[in-house]
Amino acid sequence: MTSPMSPELLAHYQSGHTTIATGLRIERTDGAVFAFTSADHSATIEGVRHLAGPGLDISALSTQAGTSVDNLELTVFPDEELLTRPSFLAGLWAGARFTLFEYNWADVSMGVHTLKRGWLGQPKINQGAFTIELRSLRQALQQQIGAYTTQTCRARLGDARCGVDLAPLTHTTTVTAVADLYNLTGNAVQADDYYAEGSIAFTSGGNQGVARKVKAYTSGAFVLALPLPFLPEVGDTFTAIAGCRKRLNDCRDTFANVLNFQGEPHSPGIDALTAYPTPGSDAE
């Protein structure tokens, strides 16, 4: 989605002798802001310092008619300070908001011409570099909107539709043993299966800021659905939030929240809906 440009910048485009550079500003979900420019020197644009030469490569910009999502990719070559490999492996860049624009590097006061806004996709490793899809605002048009029916609950434990208070279900835990990137043990004392389908989020160590879904929990041992980017160490701390399997009996018996259950547990399944009538049934 492009935006109007200032008369000065428009006149510069029309002059035939331009000094145009591309700028990219990214705001991660943790609030950190990163800004870069294709020019050979850094510039302060709209109050934000845009760095030159960070090792970025943006594919050719392609805009399509209709509601199709535009094709745009960002290739990042990690460094040791700014665009670090651990931050990509930890998933800190996925879902970040971005603004792509052009400006006159010889006269920043002319303003910017916004080319595209949207969100970053999940980074993919490609021969030592990370390739990230830049998804425009049209990506939102590809999402399913509207109500649908499910036998299990459609809410997430603790969200506005669920209404359960997560504070008493959240516990600070310390790593006491590590098997691999999927399996670790903490000093949690809750009953078996308490954290299954819940989540953990590290608050210290190499995985600080990383969250993972819990696949299973037994006697302090956590099995994660996805691997951690780095092997935890004994003494690392994390918060663990109780899980919910989204069944009616979980909502009723475990959380006493059945009035907020967001599912239709007694609706017939696809097998019942497509089955042939049996002799003597009311369907004949």
# chains A, B, ... in the order shown; residues from 1 in each chain; ligands from 1
call {"tool": "residues_around", "arguments": {"residues": "Thr176 (chain A)", "least_positions_apart": "2", "cutoff": "12 Å", "atoms": "only C-alpha atoms", "output": "list of chain:residue names"}}
result
A:Thr173, A:Thr174, A:Val178, A:Ala179, A:Asn183, A:Leu184, A:Thr185, A:Gly186, A:Asn187, A:Ala188, A:Gly220, A:Ala221, A:Phe222, A:Pro232, A:Glu233, A:Val234, A:Gly235, A:Asp236, A:Thr237, A:Phe238
call {"tool": "residues_around", "arguments": {"residues": "Gln122 (chain A)", "least_positions_apart": "6", "cutoff": "12 Å", "atoms": "only C-alpha atoms", "output": "PyMOL selection string"}}
result
chain A and resi 73-74+88-96+130-135
call {"tool": "select_by_dssp", "arguments": {"residues": "region 7-41 of chain A", "states": "alpha helix (DSSP H)", "output": "count of residues only"}}
result
8
call {"tool": "residues_around", "arguments": {"residues": "region 3-12 of chain A", "least_positions_apart": "3", "cutoff": "7 Å", "atoms": "only C-alpha atoms", "output": "JSON, numbers by chain"}}
result
{"A": [15, 18, 110, 111, 112, 113, 114, 115]}
call {"tool": "residues_around", "arguments": {"residues": "Val33 (chain A)", "least_positions_apart": "4", "cutoff": "10 Å", "atoms": "only C-alpha atoms", "output": "count of residues only"}}
result
10
call {"tool": "closest_residue", "arguments": {"among": "A:Leu169, A:Leu51, A:Ala201, A:Ala39", "to": "Asn104 (chain A)", "atoms": "only C-alpha atoms"}}
result
A:Ala39
call {"tool": "select_by_dssp", "arguments": {"residues": "region 16-175 of chain A", "states": "strand (DSSP E or B)", "output": "VMD selection string"}}
result
chain A and resid 20 to 27 33 to 37 43 to 45 48 to 52 56 to 58 62 71 73 to 76 79 84 97 to 104 112 to 120 124 to 126 129 to 136 170 to 175
call {"tool": "closest_residue", "arguments": {"among": "A:Ala167, A:Thr239, A:Ala106, A:Ala196", "to": "Gly209 (chain A)", "atoms": "only C-alpha atoms"}}
result
A:Thr239
call {"tool": "closest_residue", "arguments": {"among": "A:Asp159, A:Val189, A:Ala240, A:Gly31", "to": "Arg212 (chain A)", "atoms": "only C-alpha atoms"}}
result
A:Ala240
call {"tool": "residues_around", "arguments": {"residues": "His266 (chain A)", "least_positions_apart": "2", "cutoff": "12 Å", "atoms": "only C-alpha atoms", "output": "VMD selection string"}}
result
chain A and resid 149 to 152 247 to 248 263 to 264 268 to 269 272
call {"tool": "write_last_selection", "arguments": {"atoms": "N, CA, C and O atoms", "output": "compact mmCIF listing (two decimals), in the first residue's frame"}}
result
# COMPACT_ATOMS: atom_id res chain seq x y z
N THR A 149 -18.15 -23.83 13.82
CA THR A 149 -18.46 -24.71 14.94
C THR A 149 -17.36 -25.74 15.13
O THR A 149 -16.78 -26.25 14.17
N THR A 150 -17.08 -26.06 16.39
CA THR A 150 -16.12 -27.09 16.75
C THR A 150 -16.61 -27.79 18.01
O THR A 150 -17.29 -27.18 18.84
N GLN A 151 -16.24 -29.04 18.14
CA GLN A 151 -16.62 -29.75 19.36
C GLN A 151 -15.77 -29.32 20.55
O GLN A 151 -16.21 -29.40 21.69
N THR A 152 -14.54 -28.88 20.27
CA THR A 152 -13.68 -28.37 21.33
C THR A 152 -13.79 -26.85 21.41
O THR A 152 -14.34 -26.20 20.51
N ARG A 247 -11.47 -29.37 26.08
CA ARG A 247 -12.63 -30.25 26.13
C ARG A 247 -13.64 -29.71 27.14
O ARG A 247 -13.27 -28.96 28.05
N LEU A 248 -14.89 -30.13 27.00
CA LEU A 248 -15.93 -29.64 27.90
C LEU A 248 -15.62 -30.01 29.35
O LEU A 248 -15.79 -29.18 30.25
N GLY A 263 -17.49 -23.91 22.45
CA GLY A 263 -17.57 -25.02 21.52
C GLY A 263 -18.95 -25.65 21.52
O GLY A 263 -19.83 -25.27 22.30
N GLU A 264 -19.15 -26.61 20.64
CA GLU A 264 -20.40 -27.35 20.53
C GLU A 264 -20.10 -28.84 20.70
O GLU A 264 -20.02 -29.59 19.72
N PRO A 268 -23.02 -33.46 16.03
CA PRO A 268 -22.60 -34.71 15.39
C PRO A 268 -21.36 -34.51 14.53
O PRO A 268 -21.15 -33.44 13.96
N GLY A 269 -20.51 -35.51 14.47
CA GLY A 269 -19.30 -35.43 13.65
C GLY A 269 -19.62 -35.67 12.18
O GLY A 269 -20.76 -35.94 11.79
N ALA A 272 -21.32 -39.03 11.31
CA ALA A 272 -22.76 -39.10 11.56
C ALA A 272 -23.54 -38.33 10.50
O ALA A 272 -24.63 -38.74 10.08
call {"tool": "atom_distance", "arguments": {"atom1": "CA of Ala242 (chain A)", "atom2": "CA of Thr170 (chain A)"}}
result
6.6 Å
call {"tool": "atom_distance", "arguments": {"atom1": "CA of Pro78 (chain A)", "atom2": "CA of Asn207 (chain A)"}}
result
17.7 Å
call {"tool": "closest_residue", "arguments": {"among": "A:Leu273, A:Ala35, A:Ala160, A:Ala216", "to": "Asp192 (chain A)", "atoms": "only C-alpha atoms"}}
result
A:Ala216
call {"tool": "residues_around", "arguments": {"residues": "Phe230 (chain A)", "least_positions_apart": "5", "cutoff": "10 Å", "atoms": "only C-alpha atoms", "output": "compact mmCIF listing (two decimals) with N, CA, C and O atoms, in the first residue's frame"}}
result
# COMPACT_ATOMS: atom_id res chain seq x y z
N PRO A 86 21.06 -15.80 17.17
CA PRO A 86 20.16 -16.25 18.24
C PRO A 86 18.79 -15.58 18.21
O PRO A 86 17.78 -16.21 18.50
N LEU A 89 16.74 -17.40 15.59
CA LEU A 89 16.40 -18.75 16.03
C LEU A 89 15.36 -18.73 17.14
O LEU A 89 14.55 -19.64 17.27
N ALA A 90 15.39 -17.68 17.96
CA ALA A 90 14.44 -17.57 19.06
C ALA A 90 13.06 -17.11 18.61
O ALA A 90 12.12 -17.09 19.40
N ASP A 180 17.61 -32.62 26.27
CA ASP A 180 17.89 -32.11 24.93
C ASP A 180 17.06 -30.86 24.71
O ASP A 180 16.51 -30.31 25.67
N LEU A 181 16.94 -30.42 23.46
CA LEU A 181 16.21 -29.18 23.17
C LEU A 181 14.71 -29.32 23.36
O LEU A 181 13.99 -28.32 23.41
N GLY A 205 18.95 -16.87 30.95
CA GLY A 205 19.73 -17.83 30.17
C GLY A 205 19.73 -17.52 28.69
O GLY A 205 19.20 -16.50 28.24
N GLY A 206 20.31 -18.43 27.92
CA GLY A 206 20.43 -18.24 26.48
C GLY A 206 19.10 -18.19 25.75
O GLY A 206 19.00 -17.63 24.66
N ASN A 207 18.06 -18.76 26.33
CA ASN A 207 16.73 -18.77 25.71
C ASN A 207 15.82 -17.68 26.25
O ASN A 207 14.60 -17.74 26.04
N GLN A 208 16.37 -16.69 26.92
CA GLN A 208 15.54 -15.62 27.49
C GLN A 208 14.66 -14.98 26.41
O GLN A 208 15.13 -14.61 25.34
N VAL A 210 12.23 -16.59 24.90
CA VAL A 210 11.70 -17.64 24.03
C VAL A 210 10.55 -18.35 24.73
O VAL A 210 10.65 -18.72 25.91
call {"tool": "closest_residue", "arguments": {"among": "A:Cys251, A:Ile20, A:Ile45, A:Ile270", "to": "Leu157 (chain A)", "atoms": "only C-alpha atoms"}}
result
A:Cys251
